[in-house]
>>> print(open('coords_31.cif').read())   # mmCIF, C-alpha atoms and all ligand atoms
data_model
loop_
_atom_site.label_atom_id
_atom_site.label_comp_id
_atom_site.auth_asym_id
_atom_site.auth_seq_id
_atom_site.Cartn_x
_atom_site.Cartn_y
_atom_site.Cartn_z
CA MET A 23 99.25 89.97 75.48
CA SER A 24 101.75 91.63 73.17
CA GLU A 25 105.44 90.67 72.82
CA PRO A 26 107.37 90.95 76.11
CA PHE A 27 108.85 94.41 76.55
CA PHE A 28 111.70 93.46 78.88
CA GLY A 29 114.37 90.87 78.21
CA THR A 30 114.26 89.44 81.73
CA GLY A 31 112.25 86.73 83.44
CA PRO A 32 111.02 86.92 87.04
CA VAL A 33 113.69 87.93 89.56
CA ARG A 34 114.09 85.02 91.98
CA PRO A 35 113.93 85.61 95.75
CA ALA A 36 117.23 85.67 97.62
CA GLY A 37 116.29 82.46 99.46
CA ASP A 38 115.95 80.36 96.28
CA GLU A 39 118.70 78.13 94.91
CA PRO A 40 121.03 80.06 92.57
CA GLY A 41 120.15 79.53 88.92
CA GLU A 42 119.57 81.23 85.59
CA GLY A 43 118.57 84.86 85.36
CA LEU A 44 118.34 87.60 87.95
CA GLN A 45 118.09 86.91 91.65
CA TYR A 46 117.73 89.27 94.59
CA GLU A 47 120.77 89.44 96.88
CA VAL A 48 118.70 90.06 100.04
CA TYR A 49 114.99 90.43 99.25
CA ASP A 50 112.90 87.38 99.93
CA PRO A 51 109.20 88.14 100.31
CA ASP A 52 108.63 85.20 102.66
CA ALA A 53 111.70 85.67 104.87
CA LEU A 54 110.66 86.62 108.40
CA VAL A 55 112.11 89.74 109.97
CA GLY A 56 111.00 90.18 113.57
CA GLY A 57 108.24 87.64 112.91
CA THR A 58 106.76 89.49 109.88
CA ARG A 59 107.29 88.63 106.20
CA MET A 60 109.61 91.03 104.34
CA GLU A 61 106.93 91.65 101.74
CA ASP A 62 104.46 92.68 104.46
CA HIS A 63 106.96 94.98 106.14
CA LEU A 64 108.04 96.81 102.99
CA ARG A 65 104.86 96.77 100.87
CA LEU A 66 106.88 97.70 97.79
CA ALA A 67 105.31 99.69 94.97
CA VAL A 68 106.49 100.60 91.47
CA CYS A 69 105.53 104.06 90.27
CA TYR A 70 103.95 104.34 86.86
CA TRP A 71 105.04 107.86 85.92
CA HIS A 72 108.85 107.78 86.14
CA SER A 73 108.99 104.21 84.87
CA PHE A 74 106.67 104.41 81.85
CA CYS A 75 105.35 107.92 81.18
CA SER A 76 108.53 109.85 80.60
CA PRO A 77 110.88 109.56 77.63
CA GLY A 78 113.90 110.67 79.69
CA ALA A 79 114.01 114.23 78.37
CA ASP A 80 115.63 116.99 80.37
CA VAL A 81 115.67 120.78 79.92
CA PHE A 82 118.68 120.49 77.61
CA GLY A 83 117.63 117.61 75.42
CA SER A 84 115.01 115.20 74.16
CA GLY A 85 114.11 111.74 75.40
CA THR A 86 116.62 108.89 75.35
CA TRP A 87 114.57 105.99 76.75
CA ASP A 88 112.89 103.38 74.63
CA ARG A 89 109.19 103.86 75.47
CA PRO A 90 107.41 103.05 72.18
CA TRP A 91 103.92 104.00 73.46
CA LEU A 92 104.95 107.68 73.90
CA GLY A 93 105.42 110.33 71.20
CA GLU A 94 103.98 109.48 67.78
CA ALA A 95 102.18 106.35 68.99
CA ALA A 96 100.38 108.33 71.69
CA ALA A 97 99.47 111.08 69.23
CA ALA A 98 98.10 108.59 66.66
CA ASP A 99 95.98 106.46 69.04
CA PRO A 100 96.22 107.52 72.68
CA MET A 101 94.09 104.69 74.10
CA ALA A 102 96.00 101.97 72.21
CA ALA A 103 99.25 103.54 73.43
CA ALA A 104 97.93 103.53 77.01
CA GLU A 105 97.15 99.81 76.64
CA ALA A 106 100.67 99.02 75.41
CA GLU A 107 102.03 100.95 78.36
CA LEU A 108 99.78 99.02 80.76
CA ASP A 109 101.09 95.73 79.36
CA ALA A 110 104.70 96.79 79.93
CA ALA A 111 103.90 98.07 83.42
CA PHE A 112 102.30 94.83 84.59
CA GLU A 113 105.14 92.89 82.97
CA LEU A 114 107.62 94.83 85.13
CA PHE A 115 105.56 94.35 88.32
CA THR A 116 105.47 90.62 87.62
CA ILE A 117 109.20 90.41 86.89
CA LEU A 118 109.99 92.17 90.15
CA GLY A 119 107.34 90.39 92.24
CA THR A 120 106.42 93.71 93.85
CA PRO A 121 102.94 93.65 95.41
CA PHE A 122 101.81 97.23 94.64
CA TYR A 123 101.87 100.06 92.09
CA CYS A 124 100.87 103.75 92.07
CA PHE A 125 99.58 106.07 89.35
CA HIS A 126 98.37 109.56 88.46
CA ASP A 127 95.18 109.79 86.39
CA LEU A 128 97.15 111.01 83.38
CA ASP A 129 99.71 108.19 83.68
CA LEU A 130 97.06 105.56 83.21
CA ALA A 131 94.85 107.26 80.62
CA PRO A 132 95.21 110.16 78.18
CA ALA A 133 93.38 113.43 78.78
CA GLY A 134 90.36 113.89 76.49
CA ASP A 135 88.98 117.06 74.91
CA SER A 136 86.75 117.71 77.91
CA LEU A 137 86.60 116.75 81.56
CA ARG A 138 83.87 114.22 80.72
CA GLU A 139 86.00 112.59 78.04
CA SER A 140 89.04 112.48 80.34
CA ARG A 141 86.94 110.78 82.98
CA ALA A 142 85.63 108.22 80.49
CA ASN A 143 89.20 107.47 79.34
CA LEU A 144 90.32 107.01 82.94
CA GLU A 145 87.44 104.71 83.75
CA ALA A 146 88.06 102.61 80.64
CA MET A 147 91.75 102.24 81.45
CA ALA A 148 90.93 101.52 85.10
CA ASP A 149 88.77 98.60 83.92
CA GLN A 150 91.77 97.22 82.05
CA ALA A 151 94.09 97.83 84.98
CA GLY A 152 91.57 96.07 87.23
CA ALA A 153 91.60 93.01 84.97
CA LYS A 154 95.43 92.93 85.08
CA MET A 155 95.33 93.28 88.87
CA ASP A 156 92.98 90.29 89.13
CA GLU A 157 95.22 88.28 86.80
CA THR A 158 98.53 89.07 88.56
CA GLY A 159 97.51 89.76 92.17
CA VAL A 160 99.25 93.17 92.04
CA ARG A 161 97.41 95.77 94.16
CA LEU A 162 97.08 99.54 94.09
CA LEU A 163 98.99 101.33 96.85
CA TRP A 164 97.68 104.74 95.83
CA GLY A 165 96.19 106.82 93.09
CA THR A 166 96.59 110.56 92.60
CA ALA A 167 95.68 113.36 90.20
CA ASN A 168 98.13 115.22 88.03
CA LEU A 169 97.23 118.81 88.94
CA PHE A 170 100.51 120.32 87.77
CA GLY A 171 101.33 119.37 84.16
CA HIS A 172 98.71 121.27 82.16
CA PRO A 173 99.23 125.03 81.61
CA ARG A 174 95.90 125.75 83.38
CA TYR A 175 97.63 124.73 86.60
CA ALA A 176 100.67 127.00 86.14
CA ALA A 177 99.47 129.19 89.04
CA GLY A 178 98.34 126.23 91.15
CA ALA A 179 95.22 124.06 91.30
CA ALA A 180 93.35 124.66 94.59
CA THR A 181 95.43 127.80 95.21
CA ASN A 182 94.88 129.26 91.73
CA PRO A 183 93.62 132.86 91.57
CA ASP A 184 90.90 131.60 89.18
CA PRO A 185 88.14 129.61 90.94
CA ASP A 186 87.33 127.78 87.68
CA VAL A 187 90.72 126.12 87.98
CA PHE A 188 89.74 125.00 91.50
CA THR A 189 86.60 123.30 90.21
CA HIS A 190 88.56 121.76 87.31
CA ALA A 191 90.92 120.24 89.88
CA ALA A 192 87.89 119.08 91.90
CA ALA A 193 86.60 117.23 88.83
CA GLN A 194 89.93 115.50 88.28
CA VAL A 195 90.27 114.50 91.93
CA ARG A 196 86.70 113.21 92.12
CA ALA A 197 87.32 110.99 89.10
CA VAL A 198 90.61 109.51 90.28
CA LEU A 199 89.55 109.19 93.93
CA GLU A 200 86.55 107.15 92.77
CA VAL A 201 88.71 105.04 90.45
CA THR A 202 91.21 104.48 93.29
CA HIS A 203 88.32 103.35 95.49
CA ARG A 204 86.96 101.04 92.79
CA LEU A 205 90.39 99.41 92.30
CA GLY A 206 90.74 98.77 96.03
CA GLY A 207 93.51 101.38 96.43
CA GLU A 208 94.84 101.54 99.98
CA ASN A 209 95.59 105.29 99.97
CA TYR A 210 94.99 108.44 97.97
CA VAL A 211 97.85 110.96 97.64
CA LEU A 212 97.70 114.72 97.26
CA TRP A 213 101.01 116.21 96.25
CA GLY A 214 100.53 119.97 95.96
CA GLY A 215 102.32 120.10 92.60
CA ARG A 216 102.11 123.86 92.07
CA GLU A 217 100.36 124.86 95.29
CA GLY A 218 102.81 127.60 96.18
CA TYR A 219 104.14 130.77 94.60
CA ASP A 220 106.80 131.94 92.19
CA THR A 221 106.72 135.50 93.55
CA LEU A 222 105.07 137.17 96.52
CA LEU A 223 104.55 140.28 94.36
CA ASN A 224 101.37 138.77 92.90
CA THR A 225 100.40 136.38 95.70
CA ASP A 226 97.83 136.60 98.49
CA LEU A 227 99.32 134.05 100.88
CA ARG A 228 96.45 134.03 103.32
CA ARG A 229 93.77 133.59 100.67
CA GLU A 230 95.65 130.76 98.97
CA GLY A 231 95.96 128.96 102.32
CA GLU A 232 92.18 129.19 102.82
CA GLN A 233 91.61 127.82 99.31
CA LEU A 234 93.93 124.87 99.94
CA ALA A 235 92.22 124.05 103.24
CA ARG A 236 88.81 124.22 101.52
CA PHE A 237 90.01 121.84 98.82
CA LEU A 238 91.39 119.35 101.34
CA SER A 239 88.20 119.38 103.40
CA LEU A 240 86.10 118.78 100.26
CA VAL A 241 88.31 115.82 99.33
CA ALA A 242 87.94 114.37 102.84
CA GLU A 243 84.15 114.82 102.69
CA HIS A 244 84.00 113.06 99.34
CA LYS A 245 86.12 110.20 100.62
CA HIS A 246 83.51 109.58 103.32
CA ALA A 247 80.59 110.13 100.94
CA ILE A 248 81.75 107.34 98.63
CA GLY A 249 82.80 105.02 101.47
CA PHE A 250 86.51 104.99 100.62
CA THR A 251 88.26 103.58 103.68
CA GLY A 252 91.84 104.11 102.46
CA THR A 253 94.10 106.79 103.90
CA LEU A 254 94.34 110.32 102.48
CA LEU A 255 97.98 111.37 102.26
CA ILE A 256 99.64 114.74 101.72
CA GLU A 257 103.17 114.69 100.33
CA PRO A 258 105.47 117.42 101.67
CA LYS A 259 107.85 119.21 99.32
CA PRO A 260 109.45 122.61 100.02
CA HIS A 261 109.99 123.90 96.48
CA GLU A 262 110.29 122.80 92.84
CA PRO A 263 108.47 123.51 90.65
CA THR A 264 107.48 126.71 92.52
CA LYS A 265 109.87 128.82 94.58
CA HIS A 266 107.88 127.99 97.70
CA GLN A 267 105.38 125.16 98.17
CA TYR A 268 102.81 125.42 100.95
CA ASP A 269 103.24 121.73 101.89
CA HIS A 270 106.81 122.61 102.86
CA ASP A 271 107.68 119.79 105.24
CA ALA A 272 106.03 117.44 107.73
CA ALA A 273 105.86 120.03 110.52
CA ALA A 274 104.41 122.76 108.25
CA ILE A 275 101.66 120.40 107.05
CA HIS A 276 100.96 119.30 110.60
CA GLY A 277 100.45 122.93 111.67
CA PHE A 278 98.28 123.64 108.61
CA LEU A 279 96.05 120.60 109.20
CA ASP A 280 95.71 121.46 112.87
CA ARG A 281 94.81 125.08 112.08
CA HIS A 282 92.04 123.95 109.74
CA GLY A 283 90.64 121.09 111.86
CA LEU A 284 91.84 118.45 109.37
CA VAL A 285 94.46 116.62 111.38
CA ASP A 286 92.37 113.45 111.74
CA GLU A 287 91.68 113.22 108.01
CA PHE A 288 95.19 113.17 106.55
CA LYS A 289 98.52 111.46 107.02
CA LEU A 290 101.82 112.09 105.26
CA ASN A 291 103.58 110.55 102.30
CA ILE A 292 107.21 111.31 103.09
CA GLU A 293 109.62 111.44 100.14
CA ALA A 294 113.35 111.11 100.77
CA ASN A 295 114.50 113.67 98.23
CA HIS A 296 111.81 116.17 99.31
CA ALA A 297 113.08 115.86 102.88
CA THR A 298 116.62 116.74 101.87
CA LEU A 299 115.37 119.61 99.67
CA SER A 300 113.73 121.07 102.76
CA GLY A 301 117.05 121.03 104.61
CA HIS A 302 116.06 118.03 106.74
CA SER A 303 117.30 114.48 106.63
CA PHE A 304 114.92 111.76 105.43
CA HIS A 305 115.33 110.32 108.93
CA HIS A 306 114.09 113.60 110.45
CA GLU A 307 110.95 113.79 108.33
CA VAL A 308 110.02 110.17 109.06
CA ALA A 309 110.78 110.58 112.78
CA TYR A 310 108.57 113.70 112.88
CA ALA A 311 105.71 111.90 111.14
CA VAL A 312 106.00 108.77 113.30
CA GLY A 313 106.31 110.85 116.47
CA HIS A 314 103.04 112.67 115.73
CA GLY A 315 101.04 109.70 114.45
CA LEU A 316 101.14 111.12 110.92
CA LEU A 317 103.18 108.56 109.00
CA GLY A 318 101.21 107.30 106.03
CA SER A 319 103.58 106.09 103.33
CA ILE A 320 107.02 106.60 101.80
CA ASP A 321 108.30 107.70 98.40
CA ALA A 322 111.75 106.14 98.41
CA ASN A 323 114.42 107.78 96.32
CA ARG A 324 117.54 109.81 96.92
CA GLY A 325 118.96 113.12 95.86
CA ASP A 326 122.49 113.83 94.79
CA PRO A 327 124.51 115.22 97.70
CA GLN A 328 126.38 117.60 95.39
CA ASN A 329 123.41 119.32 93.78
CA GLY A 330 120.27 120.84 95.15
CA TRP A 331 117.33 119.59 93.14
CA ASP A 332 114.95 116.67 93.07
CA THR A 333 117.03 114.13 91.15
CA ASP A 334 114.73 111.23 92.15
CA GLN A 335 117.43 108.55 92.00
CA PHE A 336 116.83 104.99 93.07
CA PRO A 337 117.79 104.54 96.74
CA ASN A 338 121.10 102.81 97.44
CA SER A 339 122.10 103.81 100.96
CA VAL A 340 121.54 101.07 103.54
CA GLU A 341 122.80 103.45 106.20
CA GLU A 342 120.18 106.14 105.51
CA LEU A 343 117.32 103.68 105.08
CA SER A 344 118.20 101.65 108.20
CA LEU A 345 117.53 104.64 110.45
CA VAL A 346 114.32 105.42 108.57
CA LEU A 347 113.14 101.83 108.90
CA TYR A 348 114.15 101.82 112.57
CA GLU A 349 111.71 104.70 113.20
CA ILE A 350 109.01 102.96 111.16
CA LEU A 351 109.40 99.65 113.03
CA ARG A 352 109.35 101.42 116.39
CA GLY A 353 106.24 103.28 115.29
CA GLY A 354 104.44 100.00 114.55
CA GLY A 355 104.99 99.73 110.78
CA LEU A 356 103.50 101.30 107.69
CA GLY A 357 99.80 100.52 108.13
CA THR A 358 98.11 101.12 104.78
CA GLY A 359 101.31 102.70 103.40
CA GLY A 360 104.26 101.21 101.61
CA PHE A 361 107.57 102.00 99.94
CA ASN A 362 106.86 103.47 96.52
CA PHE A 363 109.89 103.94 94.27
CA ASP A 364 109.28 107.51 93.16
CA ALA A 365 112.58 107.31 91.27
CA HIS A 366 113.76 107.38 87.69
CA LEU A 367 116.71 106.20 85.66
CA ARG A 368 119.53 108.47 84.62
CA ARG A 369 119.21 109.77 81.06
CA GLN A 370 122.03 107.55 79.78
CA SER A 371 120.40 104.36 81.11
CA ILE A 372 118.85 103.51 77.78
CA ASP A 373 118.55 99.71 77.89
CA ARG A 374 115.03 98.49 78.64
CA ASP A 375 116.32 96.23 81.39
CA ASP A 376 118.04 99.14 83.17
CA LEU A 377 114.62 99.72 84.74
CA VAL A 378 114.64 96.17 86.13
CA HIS A 379 118.18 96.48 87.50
CA ALA A 380 117.38 99.85 89.11
CA HIS A 381 114.45 98.36 91.00
CA VAL A 382 116.33 95.19 91.97
CA GLY A 383 119.13 97.24 93.57
CA ALA A 384 116.68 99.50 95.36
CA ILE A 385 114.66 96.56 96.68
CA ASP A 386 117.77 94.79 97.97
CA THR A 387 118.91 98.01 99.66
CA LEU A 388 115.56 98.29 101.43
CA ALA A 389 115.58 94.62 102.41
CA ARG A 390 119.07 94.93 103.89
CA ALA A 391 118.06 98.14 105.71
CA LEU A 392 115.05 96.31 107.14
CA ILE A 393 117.31 93.60 108.59
CA VAL A 394 119.57 96.25 110.14
CA ALA A 395 116.58 98.19 111.51
CA GLN A 396 115.15 95.07 113.17
CA ALA A 397 118.61 94.35 114.63
CA LEU A 398 118.71 97.91 116.03
CA VAL A 399 115.30 97.33 117.63
CA ASP A 400 116.40 93.96 119.05
CA ASP A 401 119.73 95.37 120.26
CA GLY A 402 117.84 98.01 122.24
CA THR A 403 120.81 100.33 122.86
CA LEU A 404 119.27 103.34 121.12
CA ALA A 405 115.94 102.89 122.87
CA SER A 406 117.42 102.38 126.32
CA THR A 407 119.81 105.32 125.94
CA ARG A 408 116.91 107.55 124.96
CA ALA A 409 114.74 106.30 127.83
CA GLU A 410 117.57 106.88 130.29
CA ARG A 411 118.16 110.40 128.93
CA TYR A 412 114.57 111.47 129.70
CA ALA A 413 114.15 109.41 132.88
CA GLY A 414 113.87 112.57 135.00
CA TRP A 415 110.55 113.33 133.37
CA GLU A 416 109.11 110.20 134.98
CA GLY A 417 110.27 111.41 138.43
CA PRO A 418 108.72 113.95 140.82
CA THR A 419 109.97 117.14 139.12
CA GLY A 420 108.97 115.99 135.65
CA GLN A 421 105.52 114.97 136.86
CA ALA A 422 105.06 118.23 138.81
CA ILE A 423 105.80 120.33 135.71
CA PHE A 424 102.92 118.73 133.83
CA ASP A 425 100.53 118.80 136.75
CA PRO A 426 97.75 121.21 135.70
CA SER A 427 98.00 122.99 139.07
CA ALA A 428 101.66 123.97 138.41
CA THR A 429 102.45 127.60 137.62
CA LEU A 430 105.65 129.26 136.58
CA ALA A 431 105.82 130.70 140.08
CA SER A 432 105.21 127.36 141.87
CA LEU A 433 107.96 125.70 139.83
CA ALA A 434 110.30 128.64 140.40
CA ASP A 435 109.63 128.56 144.17
CA GLU A 436 110.32 124.83 144.30
CA ALA A 437 113.58 125.28 142.32
CA GLU A 438 114.72 128.04 144.68
CA SER A 439 113.80 126.28 147.91
CA ALA A 440 115.24 122.87 146.93
CA ASP A 441 118.39 124.57 145.63
CA ARG A 442 119.03 121.73 143.14
CA ARG A 443 122.04 122.17 140.86
CA PRO A 444 121.49 120.17 137.66
CA GLN A 445 124.68 118.80 136.15
CA PRO A 446 125.27 118.51 132.38
CA VAL A 447 125.49 114.93 131.08
CA SER A 448 127.05 113.65 127.88
CA GLY A 449 124.83 113.31 124.81
CA ARG A 450 127.10 110.36 123.85
CA GLN A 451 126.61 111.07 120.15
CA GLU A 452 129.79 109.39 118.96
CA ARG A 453 129.19 106.32 121.11
CA LEU A 454 125.69 106.02 119.65
CA GLU A 455 127.02 106.44 116.13
CA ASN A 456 129.45 103.61 116.86
CA GLU A 457 126.58 101.47 118.14
CA VAL A 458 124.64 102.03 114.92
CA ASN A 459 127.68 101.11 112.85
CA ARG A 460 128.29 98.00 114.93
CA VAL A 461 124.79 96.78 114.16
CA LEU A 462 125.02 97.94 110.53
CA TRP A 463 128.19 95.94 109.99
CA THR A 464 127.16 92.80 111.82
CA ALA A 465 123.38 92.38 111.41
CA ARG A 466 122.36 89.11 109.75
C1 LIG A 501 107.00 115.10 92.70
C2 LIG A 501 106.50 113.87 93.32
C3 LIG A 501 105.25 113.31 92.75
C4 LIG A 501 104.29 112.79 93.76
C5 LIG A 501 102.96 112.35 93.17
O1 LIG A 501 108.21 115.56 93.21
O2 LIG A 501 107.09 113.33 94.21
O3 LIG A 501 105.61 112.32 91.86
O4 LIG A 501 104.82 111.70 94.43
O5 LIG A 501 102.32 113.36 92.48
CO CO A 502 106.69 111.62 95.34
#
>>> encode(input="coords_31.cif", output="structure tokens")
Amino acid sequence: MSEPFFGTGPVRPAGDEPGEGLQYEVYDPDALVGGTRMEDHLRLAVCYWHSFCSPGADVFGSGTWDRPWLGEAAAADPMAAAEAELDAAFELFTILGTPFYCFHDLDLAPAGDSLRESRANLEAMADQAGAKMDETGVRLLWGTANLFGHPRYAAGAATNPDPDVFTHAAAQVRAVLEVTHRLGGENYVLWGGREGYDTLLNTDLRREGEQLARFLSLVAEHKHAIGFTGTLLIEPKPHEPTKHQYDHDAAAIHGFLDRHGLVDEFKLNIEANHATLSGHSFHHEVAYAVGHGLLGSIDANRGDPQNGWDTDQFPNSVEELSLVLYEILRGGGLGTGGFNFDAHLRRQSIDRDDLVHAHVGAIDTLARALIVAQALVDDGTLASTRAERYAGWEGPTGQAIFDPSATLASLADEAESADRRPQPVSGRQERLENEVNRVLWTAR
């Protein structure tokens, strides 16, 4: 083991006696919330890419973060640089006490000169990651392939006009799906990085949709062929980098999967900032996924309310996350999924330990939101108000509408002959908002 990268020791759980060093305000892995350990509810994961693989550059300027394994070091000896990066990554996971991590193939290992060499690099680095996992007990929440960074993918991977790009993507996914399986990964994510278009002037929408469906069905077949029992996840995003991405939002993916007979093979990895980019709230996207049995996992971050792009900031809103966690708890929890921090520091956050502080704040925010969400479940006001609002559908008219023998005419005849005059009732929105705030302010 090299010199420690961070200047911080392990962050102590909130329940421990106060002492030296950092301590969580709220997060305590063993604390029970609704009878389940916090760690098991939240299944927290640190993402490799934003934390370790980027120097903090933006379109106006070069990197500002201290990541010594990037740049010249990576050019001189890419595998040694990847090992130094791996050391720092597992040091952070251990400091935070987070049970999971996530990676892209190219986060973990450098690309080689050929597909074969890239695969060999990935497998060699996966061996090292596996040894670190055994040593620390940290597990893999999901693996994924970077099918968007290299210029060959500028016009998409599966949806590229050139079929040789499709097979190149197939090779990358095969390699990282197998590595994910070997490392005991609990999910495999497909984010359609550039599966979309920049202009319709050169795009055959229908053909690209068929290509994407073919790719997804091949991935599902391979999952079964190798005996991978984890969950395949698709991550919705409406745009950025392309003008329009085919995996626009949860409902668009649901329709696409249904159209292509793939709905039983995939679930969704919902990302907060992608939800807001699509004009929905994070709450909406999670509620849609839970409501249709499609929730797989979460990429937790936030956007900036005053600008419109994917700023990937660490989450800090208990209010937003409480409603999200409320839906998740009511839906029975995350299953094989977890909360992955797909978030990065701001460019001016140049101290190494800023990465620790960012995660600590985000983890406490989630822990607090979990407590509020459980209190909302226990309080029951939202659930009972909703049940009461739809109670008519349990009664004779509601049942008759769904009776297969009903026709538009039979229902119309019954409405005319009974001469019922339905009365509007209050949606009680403000009262419900007050109820949520009451729990938010008082939950312990
Ligand atoms: C991009 C994004 C990705 C995926 C994994 O916006 O969210 O990091 O989560 O490829
Ligand atoms: Co993401």
>>> residues_around(input="coords_31.cif", residues="region 215-223 of chain A", least_positions_apart="4", cutoff="6 Å", atoms="only C-alpha atoms", output="VMD selection string")
chain A and resid 170 178 181 264 to 268
>>> residues_near_ligand(input="coords_31.cif", ligand="ligand LIG 501 (chain A)", cutoff="7 Å", atoms="all atoms listed in the file", output="list in words")
His126, Thr166, Asn168, Val211, Leu212, Trp213, Gly215, Glu257, Glu293, Asp321, Asp332 and Asp364 of chain A
>>> closest_atom_pairs(input="coords_31.cif", of="chain A", to="ligand CO 502 (chain A)", cutoff="9 Å", atoms="only C-alpha atoms and all ligand atoms", output="tab-separated table")
residue	atom	partner	partner_atom	distance
A:Trp213	CA	A:CO502	CO	7.4
A:Glu257	CA	A:CO502	CO	6.8
A:Pro258	CA	A:CO502	CO	8.7
A:Lys259	CA	A:CO502	CO	8.6
A:Asn291	CA	A:CO502	CO	7.7
A:Ile292	CA	A:CO502	CO	7.8
A:Glu293	CA	A:CO502	CO	5.6
A:Ala294	CA	A:CO502	CO	8.6
A:Asn295	CA	A:CO502	CO	8.6
A:His296	CA	A:CO502	CO	7.9
A:Ile320	CA	A:CO502	CO	8.2
A:Asp321	CA	A:CO502	CO	5.2
A:Ala322	CA	A:CO502	CO	8.1
A:Asn323	CA	A:CO502	CO	8.7
A:Asp334	CA	A:CO502	CO	8.7
A:Asn362	CA	A:CO502	CO	8.2
A:Phe363	CA	A:CO502	CO	8.4
A:Asp364	CA	A:CO502	CO	5.3
A:Ala365	CA	A:CO502	CO	8.4
>>> atom_distance(input="coords_31.cif", atom1="CA of Gly313 (chain A)", atom2="CA of Leu162 (chain A)")
26.7 Å
>>> atom_distance(input="coords_31.cif", atom1="CA of Phe304 (chain A)", atom2="CA of Ala465 (chain A)")
22.0 Å
>>> residues_around(input="coords_31.cif", residues="Val340 (chain A)", least_positions_apart="2", cutoff="9 Å", atoms="all atoms listed in the file", output="ChimeraX atom specification")
/A:337-338,342-345,387-392,394,462
>>> closest_residue(input="coords_31.cif", among="A:Leu66, A:Ala176, A:Leu398, A:Leu254", to="Val461 (chain A)", atoms="only C-alpha atoms")
A:Leu398
>>> residues_around(input="coords_31.cif", residues="Asp80 (chain A)", least_positions_apart="6", cutoff="12 Å", atoms="all atoms listed in the file", output="PyMOL selection string")
chain A and resi 86-87+333+368-370
>>> closest_residue(input="coords_31.cif", among="A:Gly37, A:Ser140, A:Ser432, A:Ala153", to="Leu54 (chain A)", atoms="all atoms listed in the file")
A:Gly37
>>> decode(input="coords_31.cif", residues="region 95-106 of chain A", atoms="N, CA and C atoms", output="short mmCIF file (atom, residue, chain, number, x, y, z; two decimals), in the first residue's frame")
data_model
loop_
_atom_site.label_atom_id
_atom_site.label_comp_id
_atom_site.auth_asym_id
_atom_site.auth_seq_id
_atom_site.Cartn_x
_atom_site.Cartn_y
_atom_site.Cartn_z
N ALA A 95 1.34 10.91 -15.61
CA ALA A 95 1.53 9.59 -15.00
C ALA A 95 0.81 8.53 -15.82
N ALA A 96 -0.41 8.85 -16.25
CA ALA A 96 -1.19 7.87 -17.02
C ALA A 96 -0.56 7.65 -18.39
N ALA A 97 0.01 8.70 -18.96
CA ALA A 97 0.64 8.56 -20.28
C ALA A 97 1.91 7.71 -20.16
N ALA A 98 2.67 7.90 -19.07
CA ALA A 98 3.96 7.20 -18.93
C ALA A 98 3.75 5.71 -18.64
N ASP A 99 2.83 5.37 -17.74
CA ASP A 99 2.63 3.96 -17.37
C ASP A 99 1.16 3.79 -16.94
N PRO A 100 0.30 3.56 -17.93
CA PRO A 100 -1.14 3.56 -17.64
C PRO A 100 -1.56 2.54 -16.59
N MET A 101 -0.94 1.35 -16.59
CA MET A 101 -1.38 0.35 -15.60
C MET A 101 -0.93 0.73 -14.19
N ALA A 102 0.29 1.28 -14.06
CA ALA A 102 0.73 1.72 -12.73
C ALA A 102 -0.16 2.86 -12.23
N ALA A 103 -0.55 3.75 -13.15
CA ALA A 103 -1.43 4.86 -12.76
C ALA A 103 -2.78 4.32 -12.30
N ALA A 104 -3.28 3.30 -13.02
CA ALA A 104 -4.58 2.71 -12.63
C ALA A 104 -4.49 2.07 -11.25
N GLU A 105 -3.33 1.52 -10.92
CA GLU A 105 -3.16 0.91 -9.59
C GLU A 105 -3.14 1.98 -8.49
N ALA A 106 -2.48 3.10 -8.77
CA ALA A 106 -2.45 4.19 -7.78
C ALA A 106 -3.86 4.72 -7.55
#
